[in-house]
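Below you'll find the structure, written out as structure tokens, and then a few comments.
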Amino acid sequence: MRHILALSTMLSAFWLVNSGHYKPLLLFFMVVSVLLVVGLCHALDVVDGESQPLNLTFTIPAYWLWLIWQVVISNIDVARRVWMGVDSISPQVIMVTADQKSDLGIVIYANSITLTPGTVSIDLEGNQISVHALTEQSAADLLTGEMNRRVCRVER
Amino acid sequence: MVAMILDIGSWILLLTGSFFCLTGGLGLLRFPDFFTRIHAASLTDTLGASLILIGLMLQVDSWLTFVKLMLILLFSLLAGTTASHAIARAALKSGLRPLTAAKLAQQRGESSSKPS
Amino acid sequence: MFAATSLALLVVMGLALARAFGGPTLYDRILAVNNFGTKTVLLIAVMDFLGGRPAFLDIAIVYALINFIAIIGVLRFFEYSTRKDVEED
């Protein structure tokens, strides 16, 4: 029930923002289409804690702030390597283990790895993530496991 | 006064964003193999796009435009990572192997681990 | 200032096109086209402000959605059409 309510609120907000008109007729259309979409999602059985991770609401903003900072740092590093040329990079493939308990946590971890320039997750089997790293430095940063620990903390 | 500060801030953001986009485009041409080029592409997708969109956000005159720019930003971050991962995985599955050979392998001795 | 930004974006799109035409592998081309698409979204947004009155941001959102779906669709297509060759190797 919580998840259906959250989904309806999200969809209504999305409609209101994209439409920008608040006449009764258009609001009626909004209600109809939101009901239709929520009904379809309910029939598909995709309205659950995985598509609406409400339990992460309060833990994830702090992680986002940290992630944005990491993205900025690694962006500057990769930009420097582009200007310095091919000699400055040392591409390699490493394996990292995701310690998250749920599939959602592993997905958050793998996506965070990809979002940070310099590291891209290229394969995922069980909880083993293959990561292509641009430099030895970025691989070493990932292998310290700080991002892994922080995602674990978000999940709790 | 406030308007001028906002203007200057947004100019700086737009210029830095353009610089990161140009760097990414250059990296797309310069880097030696496909898997390294992904890194250059993600450079333009993350900070380049974010800085330009945030720069535009400082120039808006209605909150509706602001929220729409925000939506574009969120979606491009989400879709960018998913697309990068999908392309890299498809390339790996089709038999393309990351470049660790040639002179780069000579420095290292051997590649650290082979993906299955 | 918006003009300078859109000029930079056009240059980046040119670079991405060069990679799309010259890319040695199929996946280089897909990556370049994806990059071209995301830059188009940015270009639409910036051109909007260049015109003075933002009106096409909806089109930018729709373009971003279509670009993503298209890339995933193309990847799916080639995944199924090349798998056979790879297994024969």
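A note on labels: chains of the structure tokens are A, B, ... as shown, every chain counts residues from 1, and ligands are counted from 1 in their shown order.
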
What are the DSSP alpha helix (DSSP H) residues of chain B, as a VMD selection string?
chain B and resid 2 to 30 34 to 43 49 to 57 63 to 93 102 to 108

Interface rows for chain C against chain A: nearest pair, Å to one decimal, 12 Å, only C-alpha atoms, as CSV:
```
residue,atom,partner,partner_atom,distance
C:Ala55,CA,A:Asn18,CA,11.8
C:Phe56,CA,A:Asn18,CA,11.8
C:Leu57,CA,A:Asn18,CA,9.7
C:Asp58,CA,A:Asn18,CA,7.6
C:Ile59,CA,A:Asn18,CA,11.2
C:Ile61,CA,A:Asn18,CA,9.9
C:Val62,CA,A:Asn18,CA,11.3
```

Quick check: residues of chain B within 6 Å of chain C, only C-alpha atoms, returned as a list in words.
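Filtering chain B at 6 Å from chain C with only C-alpha atoms gives Ser18, Leu22, Gly25, Phe34 and Ile72 of chain B.
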
Interface, chain A side, toward chain B (7 Å; only C-alpha atoms) as a PyMOL selection string:
chain A and resi 17+72+75+79+82+86+90-94+111+114-115+117-118+120-123+134

Those same residues, written as a compact mmCIF listing (two decimals), in the first residue's frame with all heavy atoms?
```txt
# COMPACT_ATOMS: atom_id res chain seq x y z
N VAL A 17 4.41 18.85 -13.11
CA VAL A 17 5.60 19.60 -13.52
C VAL A 17 5.66 19.71 -15.04
O VAL A 17 5.99 20.76 -15.59
CB VAL A 17 6.85 18.91 -12.97
CG1 VAL A 17 8.08 19.35 -13.72
CG2 VAL A 17 7.00 19.22 -11.51
N VAL A 72 33.31 14.46 -9.07
CA VAL A 72 34.05 15.67 -9.45
C VAL A 72 35.55 15.39 -9.44
O VAL A 72 36.27 15.70 -10.40
CB VAL A 72 33.70 16.82 -8.50
CG1 VAL A 72 34.63 18.00 -8.74
CG2 VAL A 72 32.27 17.26 -8.70
N ASN A 75 36.52 13.12 -12.32
CA ASN A 75 36.40 13.83 -13.59
C ASN A 75 37.65 14.65 -13.88
O ASN A 75 38.18 14.62 -14.99
CB ASN A 75 35.20 14.78 -13.54
CG ASN A 75 34.02 14.25 -14.31
OD1 ASN A 75 34.11 14.04 -15.50
ND2 ASN A 75 32.94 14.02 -13.62
N ALA A 79 40.14 14.08 -16.99
CA ALA A 79 40.35 15.17 -17.94
C ALA A 79 41.84 15.46 -18.09
O ALA A 79 42.35 15.68 -19.19
CB ALA A 79 39.61 16.42 -17.47
N VAL A 82 43.39 12.90 -20.32
CA VAL A 82 43.10 13.10 -21.74
C VAL A 82 44.09 14.08 -22.34
O VAL A 82 44.66 13.85 -23.40
CB VAL A 82 41.66 13.61 -21.94
CG1 VAL A 82 41.44 14.02 -23.38
CG2 VAL A 82 40.66 12.55 -21.56
N VAL A 86 48.15 9.42 -24.31
CA VAL A 86 47.99 7.98 -24.09
C VAL A 86 49.00 7.42 -23.10
O VAL A 86 48.73 6.45 -22.40
CB VAL A 86 48.11 7.26 -25.44
CG1 VAL A 86 47.93 5.77 -25.28
CG2 VAL A 86 47.07 7.78 -26.41
N SER A 90 46.91 3.57 -17.90
CA SER A 90 47.31 2.17 -17.81
C SER A 90 46.05 1.33 -17.58
O SER A 90 45.76 0.96 -16.45
CB SER A 90 48.31 1.97 -16.68
OG SER A 90 47.81 2.60 -15.51
N PRO A 91 45.29 1.06 -18.64
CA PRO A 91 44.01 0.37 -18.46
C PRO A 91 44.19 -1.04 -17.91
O PRO A 91 45.16 -1.72 -18.24
CB PRO A 91 43.43 0.34 -19.87
CG PRO A 91 44.56 0.55 -20.77
CD PRO A 91 45.54 1.38 -20.04
N GLN A 92 43.28 -1.45 -17.06
CA GLN A 92 43.34 -2.80 -16.50
C GLN A 92 41.97 -3.24 -16.04
O GLN A 92 41.09 -2.42 -15.82
CB GLN A 92 44.31 -2.82 -15.32
CG GLN A 92 44.06 -1.73 -14.31
CD GLN A 92 45.20 -1.62 -13.35
OE1 GLN A 92 45.44 -2.53 -12.57
NE2 GLN A 92 45.94 -0.53 -13.44
N VAL A 93 41.82 -4.55 -15.91
CA VAL A 93 40.55 -5.11 -15.45
C VAL A 93 40.76 -5.72 -14.08
O VAL A 93 41.69 -6.49 -13.86
CB VAL A 93 40.03 -6.19 -16.42
CG1 VAL A 93 38.76 -6.82 -15.87
CG2 VAL A 93 39.75 -5.59 -17.78
N ILE A 94 39.93 -5.31 -13.12
CA ILE A 94 40.04 -5.86 -11.77
C ILE A 94 38.69 -6.44 -11.36
O ILE A 94 37.66 -6.10 -11.92
CB ILE A 94 40.47 -4.77 -10.74
CG1 ILE A 94 39.53 -3.58 -10.82
CG2 ILE A 94 41.89 -4.35 -10.97
CD1 ILE A 94 39.74 -2.56 -9.74
N ASN A 111 26.38 0.71 -10.27
CA ASN A 111 26.07 1.94 -10.98
C ASN A 111 26.94 3.09 -10.51
O ASN A 111 27.35 3.94 -11.30
CB ASN A 111 24.59 2.29 -10.80
CG ASN A 111 23.81 2.11 -12.08
OD1 ASN A 111 24.39 2.11 -13.16
ND2 ASN A 111 22.52 1.97 -11.97
N THR A 114 30.19 2.82 -12.24
CA THR A 114 30.13 3.28 -13.62
C THR A 114 30.03 4.80 -13.69
O THR A 114 30.59 5.43 -14.58
CB THR A 114 28.93 2.66 -14.34
OG1 THR A 114 28.92 1.27 -14.09
CG2 THR A 114 29.00 2.89 -15.81
N LEU A 115 29.28 5.39 -12.74
CA LEU A 115 29.07 6.84 -12.77
C LEU A 115 30.38 7.60 -12.57
O LEU A 115 30.57 8.68 -13.12
CB LEU A 115 28.07 7.23 -11.69
CG LEU A 115 27.53 8.66 -11.72
CD1 LEU A 115 26.77 8.89 -13.00
CD2 LEU A 115 26.62 8.90 -10.55
N PRO A 117 33.86 8.52 -13.49
CA PRO A 117 34.75 8.33 -14.64
C PRO A 117 36.06 7.71 -14.18
O PRO A 117 36.52 7.97 -13.08
CB PRO A 117 34.96 9.74 -15.17
CG PRO A 117 33.85 10.52 -14.63
CD PRO A 117 33.53 9.93 -13.30
N GLY A 118 36.65 6.89 -15.05
CA GLY A 118 37.87 6.20 -14.65
C GLY A 118 37.62 4.77 -14.28
O GLY A 118 38.54 3.95 -14.31
N VAL A 120 34.60 1.62 -14.94
CA VAL A 120 33.33 1.19 -15.53
C VAL A 120 33.12 -0.27 -15.17
O VAL A 120 34.02 -1.09 -15.35
CB VAL A 120 33.36 1.33 -17.07
CG1 VAL A 120 32.09 0.76 -17.67
CG2 VAL A 120 33.51 2.77 -17.47
N SER A 121 31.95 -0.59 -14.61
CA SER A 121 31.67 -2.01 -14.34
C SER A 121 31.25 -2.65 -15.65
O SER A 121 30.34 -2.18 -16.32
CB SER A 121 30.58 -2.15 -13.29
OG SER A 121 29.42 -1.47 -13.69
N ILE A 122 31.97 -3.71 -16.06
CA ILE A 122 31.66 -4.29 -17.37
C ILE A 122 30.96 -5.63 -17.25
O ILE A 122 30.40 -6.09 -18.22
CB ILE A 122 32.93 -4.44 -18.24
CG1 ILE A 122 34.03 -5.18 -17.51
CG2 ILE A 122 33.42 -3.10 -18.68
CD1 ILE A 122 35.24 -5.40 -18.38
N ASP A 123 30.99 -6.27 -16.09
CA ASP A 123 30.27 -7.53 -15.98
C ASP A 123 29.91 -7.76 -14.52
O ASP A 123 30.59 -7.29 -13.61
CB ASP A 123 31.10 -8.69 -16.52
CG ASP A 123 30.21 -9.84 -16.94
OD1 ASP A 123 28.98 -9.68 -16.86
OD2 ASP A 123 30.74 -10.88 -17.35
N LEU A 134 40.72 2.90 -15.72
CA LEU A 134 41.55 3.61 -16.70
C LEU A 134 43.01 3.69 -16.24
O LEU A 134 43.92 3.57 -17.04
CB LEU A 134 41.00 5.02 -16.91
CG LEU A 134 41.64 5.85 -18.00
CD1 LEU A 134 41.44 5.21 -19.35
CD2 LEU A 134 41.06 7.25 -18.03
```

Exercise: A:Leu54 partners within 9 Å, only C-alpha atoms, chain neighbours under 5 positions left out, as a PDB file with N, CA, C and O atoms, in the first residue's frame:
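Written out: selection09.pdb:
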```
ATOM      1  N   ARG A   2       1.879   1.267   0.878  1.00  0.00           N
ATOM      2  CA  ARG A   2       2.809   2.397   0.920  1.00  0.00           C
ATOM      3  C   ARG A   2       3.408   2.650  -0.448  1.00  0.00           C
ATOM      4  O   ARG A   2       3.534   3.791  -0.895  1.00  0.00           O
ATOM      5  N   HIS A   3       3.783   1.548  -1.119  1.00  0.00           N
ATOM      6  CA  HIS A   3       4.464   1.691  -2.403  1.00  0.00           C
ATOM      7  C   HIS A   3       3.534   2.239  -3.469  1.00  0.00           C
ATOM      8  O   HIS A   3       3.942   3.055  -4.291  1.00  0.00           O
ATOM      9  N   ALA A   6       3.207   5.906  -2.856  1.00  0.00           N
ATOM     10  CA  ALA A   6       4.419   6.624  -3.274  1.00  0.00           C
ATOM     11  C   ALA A   6       4.461   6.760  -4.783  1.00  0.00           C
ATOM     12  O   ALA A   6       4.776   7.835  -5.313  1.00  0.00           O
ATOM     13  N   GLY A  49       9.179  -3.041  -3.008  1.00  0.00           N
ATOM     14  CA  GLY A  49      10.311  -2.332  -2.423  1.00  0.00           C
ATOM     15  C   GLY A  49      11.483  -2.173  -3.362  1.00  0.00           C
ATOM     16  O   GLY A  49      12.398  -1.401  -3.096  1.00  0.00           O
TER      17      GLY A  49
END
```

What is the atom CA of B:Val2-atom CA of B:Leu58 distance in Å, reported with one decimal?
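A separation of 11.2 Å between them.
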
Name the residues in contact with A:Leu142 at a cut-off of 12 Å, using only C-alpha atoms, excluding same-chain residues fewer than 2 positions from it; report them as a PDB file with N, CA and C atoms, in the first residue's frame.
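The resulting file, selection-v8.pdb, is shown below:
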```
ATOM      1  N   GLN A  70      33.051  12.500  -5.218  1.00  0.00           N
ATOM      2  CA  GLN A  70      33.926  11.532  -5.886  1.00  0.00           C
ATOM      3  C   GLN A  70      33.915  11.733  -7.395  1.00  0.00           C
ATOM      4  N   SER A  74      37.198  12.526  -9.728  1.00  0.00           N
ATOM      5  CA  SER A  74      37.695  11.624 -10.766  1.00  0.00           C
ATOM      6  C   SER A  74      37.528  12.242 -12.152  1.00  0.00           C
ATOM      7  N   VAL A  93      41.821  -4.553 -15.914  1.00  0.00           N
ATOM      8  CA  VAL A  93      40.550  -5.110 -15.454  1.00  0.00           C
ATOM      9  C   VAL A  93      40.763  -5.717 -14.077  1.00  0.00           C
ATOM     10  N   ILE A  94      39.927  -5.313 -13.115  1.00  0.00           N
ATOM     11  CA  ILE A  94      40.037  -5.855 -11.765  1.00  0.00           C
ATOM     12  C   ILE A  94      38.691  -6.439 -11.355  1.00  0.00           C
ATOM     13  N   MET A  95      38.730  -7.328 -10.373  1.00  0.00           N
ATOM     14  CA  MET A  95      37.492  -7.876  -9.827  1.00  0.00           C
ATOM     15  C   MET A  95      37.282  -7.287  -8.442  1.00  0.00           C
ATOM     16  N   VAL A  96      36.069  -6.814  -8.168  1.00  0.00           N
ATOM     17  CA  VAL A  96      35.758  -6.389  -6.806  1.00  0.00           C
ATOM     18  C   VAL A  96      34.555  -7.187  -6.315  1.00  0.00           C
ATOM     19  N   THR A  97      34.510  -7.393  -5.005  1.00  0.00           N
ATOM     20  CA  THR A  97      33.398  -8.133  -4.413  1.00  0.00           C
ATOM     21  C   THR A  97      32.434  -7.155  -3.782  1.00  0.00           C
ATOM     22  N   ALA A  98      31.138  -7.305  -4.104  1.00  0.00           N
ATOM     23  CA  ALA A  98      30.114  -6.459  -3.496  1.00  0.00           C
ATOM     24  C   ALA A  98      29.602  -7.165  -2.249  1.00  0.00           C
ATOM     25  N   TYR A 109      25.782  -0.130  -6.050  1.00  0.00           N
ATOM     26  CA  TYR A 109      27.249  -0.137  -6.037  1.00  0.00           C
ATOM     27  C   TYR A 109      27.803  -0.145  -7.465  1.00  0.00           C
ATOM     28  N   ALA A 110      27.290  -1.059  -8.315  1.00  0.00           N
ATOM     29  CA  ALA A 110      27.812  -1.174  -9.677  1.00  0.00           C
ATOM     30  C   ALA A 110      27.548   0.106 -10.470  1.00  0.00           C
ATOM     31  N   SER A 112      27.245   3.112  -9.183  1.00  0.00           N
ATOM     32  CA  SER A 112      28.134   4.165  -8.693  1.00  0.00           C
ATOM     33  C   SER A 112      29.519   4.024  -9.300  1.00  0.00           C
ATOM     34  N   ILE A 113      29.969   2.762  -9.455  1.00  0.00           N
ATOM     35  CA  ILE A 113      31.282   2.542 -10.079  1.00  0.00           C
ATOM     36  C   ILE A 113      31.278   3.084 -11.501  1.00  0.00           C
ATOM     37  N   THR A 114      30.186   2.816 -12.237  1.00  0.00           N
ATOM     38  CA  THR A 114      30.133   3.284 -13.623  1.00  0.00           C
ATOM     39  C   THR A 114      30.026   4.799 -13.690  1.00  0.00           C
ATOM     40  N   THR A 116      31.288   7.015 -11.797  1.00  0.00           N
ATOM     41  CA  THR A 116      32.572   7.662 -11.567  1.00  0.00           C
ATOM     42  C   THR A 116      33.455   7.454 -12.795  1.00  0.00           C
ATOM     43  N   PRO A 117      33.862   8.524 -13.486  1.00  0.00           N
ATOM     44  CA  PRO A 117      34.746   8.328 -14.644  1.00  0.00           C
ATOM     45  C   PRO A 117      36.057   7.711 -14.184  1.00  0.00           C
ATOM     46  N   GLY A 118      36.646   6.893 -15.049  1.00  0.00           N
ATOM     47  CA  GLY A 118      37.874   6.203 -14.652  1.00  0.00           C
ATOM     48  C   GLY A 118      37.616   4.771 -14.278  1.00  0.00           C
ATOM     49  N   THR A 119      36.382   4.450 -13.890  1.00  0.00           N
ATOM     50  CA  THR A 119      36.042   3.052 -13.615  1.00  0.00           C
ATOM     51  C   THR A 119      34.692   2.744 -14.236  1.00  0.00           C
ATOM     52  N   VAL A 120      34.604   1.621 -14.942  1.00  0.00           N
ATOM     53  CA  VAL A 120      33.333   1.187 -15.533  1.00  0.00           C
ATOM     54  C   VAL A 120      33.123  -0.272 -15.169  1.00  0.00           C
ATOM     55  N   SER A 121      31.953  -0.595 -14.607  1.00  0.00           N
ATOM     56  CA  SER A 121      31.671  -2.010 -14.343  1.00  0.00           C
ATOM     57  C   SER A 121      31.247  -2.654 -15.649  1.00  0.00           C
ATOM     58  N   ILE A 129      31.996  -8.191  -9.336  1.00  0.00           N
ATOM     59  CA  ILE A 129      31.872  -7.185 -10.382  1.00  0.00           C
ATOM     60  C   ILE A 129      33.221  -7.056 -11.083  1.00  0.00           C
ATOM     61  N   SER A 130      33.242  -7.233 -12.431  1.00  0.00           N
ATOM     62  CA  SER A 130      34.461  -6.934 -13.187  1.00  0.00           C
ATOM     63  C   SER A 130      34.463  -5.457 -13.502  1.00  0.00           C
ATOM     64  N   VAL A 131      35.564  -4.797 -13.198  1.00  0.00           N
ATOM     65  CA  VAL A 131      35.645  -3.355 -13.397  1.00  0.00           C
ATOM     66  C   VAL A 131      36.808  -3.056 -14.323  1.00  0.00           C
ATOM     67  N   HIS A 132      36.547  -2.237 -15.347  1.00  0.00           N
ATOM     68  CA  HIS A 132      37.623  -1.754 -16.197  1.00  0.00           C
ATOM     69  C   HIS A 132      38.065  -0.403 -15.661  1.00  0.00           C
ATOM     70  N   ALA A 133      39.330  -0.325 -15.241  1.00  0.00           N
ATOM     71  CA  ALA A 133      39.835   0.916 -14.666  1.00  0.00           C
ATOM     72  C   ALA A 133      40.789   1.563 -15.646  1.00  0.00           C
ATOM     73  N   LEU A 134      40.725   2.896 -15.719  1.00  0.00           N
ATOM     74  CA  LEU A 134      41.553   3.615 -16.700  1.00  0.00           C
ATOM     75  C   LEU A 134      43.008   3.690 -16.241  1.00  0.00           C
ATOM     76  N   THR A 135      43.213   3.879 -14.944  1.00  0.00           N
ATOM     77  CA  THR A 135      44.570   4.016 -14.438  1.00  0.00           C
ATOM     78  C   THR A 135      44.757   3.139 -13.210  1.00  0.00           C
ATOM     79  N   GLU A 136      46.024   2.942 -12.852  1.00  0.00           N
ATOM     80  CA  GLU A 136      46.310   2.178 -11.646  1.00  0.00           C
ATOM     81  C   GLU A 136      45.741   2.872 -10.417  1.00  0.00           C
ATOM     82  N   GLN A 137      45.784   4.223 -10.460  1.00  0.00           N
ATOM     83  CA  GLN A 137      45.303   4.996  -9.323  1.00  0.00           C
ATOM     84  C   GLN A 137      43.818   4.760  -9.090  1.00  0.00           C
ATOM     85  N   SER A 138      43.019   4.806 -10.175  1.00  0.00           N
ATOM     86  CA  SER A 138      41.576   4.631  -9.996  1.00  0.00           C
ATOM     87  C   SER A 138      41.262   3.214  -9.544  1.00  0.00           C
ATOM     88  N   ALA A 139      42.024   2.227 -10.031  1.00  0.00           N
ATOM     89  CA  ALA A 139      41.814   0.850  -9.577  1.00  0.00           C
ATOM     90  C   ALA A 139      42.131   0.728  -8.091  1.00  0.00           C
ATOM     91  N   ALA A 140      43.241   1.354  -7.669  1.00  0.00           N
ATOM     92  CA  ALA A 140      43.636   1.269  -6.269  1.00  0.00           C
ATOM     93  C   ALA A 140      42.603   1.951  -5.369  1.00  0.00           C
ATOM     94  N   THR A 144      40.324   0.014  -2.251  1.00  0.00           N
ATOM     95  CA  THR A 144      40.298   0.296  -0.822  1.00  0.00           C
ATOM     96  C   THR A 144      38.938  -0.048  -0.223  1.00  0.00           C
ATOM     97  N   GLY A 145      37.889  -0.110  -1.065  1.00  0.00           N
ATOM     98  CA  GLY A 145      36.582  -0.583  -0.612  1.00  0.00           C
ATOM     99  C   GLY A 145      35.773   0.459   0.139  1.00  0.00           C
ATOM    100  N   GLU A 146      36.139   1.739   0.016  1.00  0.00           N
ATOM    101  CA  GLU A 146      35.376   2.734   0.755  1.00  0.00           C
ATOM    102  C   GLU A 146      33.954   2.866   0.208  1.00  0.00           C
ATOM    103  N   MET A 147      33.859   2.860  -1.151  1.00  0.00           N
ATOM    104  CA  MET A 147      32.535   2.974  -1.763  1.00  0.00           C
ATOM    105  C   MET A 147      31.656   1.789  -1.357  1.00  0.00           C
ATOM    106  N   ASN A 148      32.250   0.605  -1.340  1.00  0.00           N
ATOM    107  CA  ASN A 148      31.536  -0.604  -0.922  1.00  0.00           C
ATOM    108  C   ASN A 148      30.955  -0.440   0.483  1.00  0.00           C
ATOM    109  N   ARG A 149      31.793   0.035   1.416  1.00  0.00           N
ATOM    110  CA  ARG A 149      31.328   0.210   2.793  1.00  0.00           C
ATOM    111  C   ARG A 149      30.197   1.221   2.869  1.00  0.00           C
TER     112      ARG A 149
END
```

Please run DSSP on the backbone and report, as a PyMOL selection string, all residues within chain A that come out as strand (DSSP E).
chain A and resi 92-97+119-125+128-133

Please measure the separation of atom CA of B:Ala79 and atom CA of C:Val33, giving the value in Å to one decimal.
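Atom CA of C:Val33 lies 14.2 Å from atom CA of B:Ala79.
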
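Going from atom CA of A:Ile108 over to atom CA of C:Gly37, you cover 24.8 Å.
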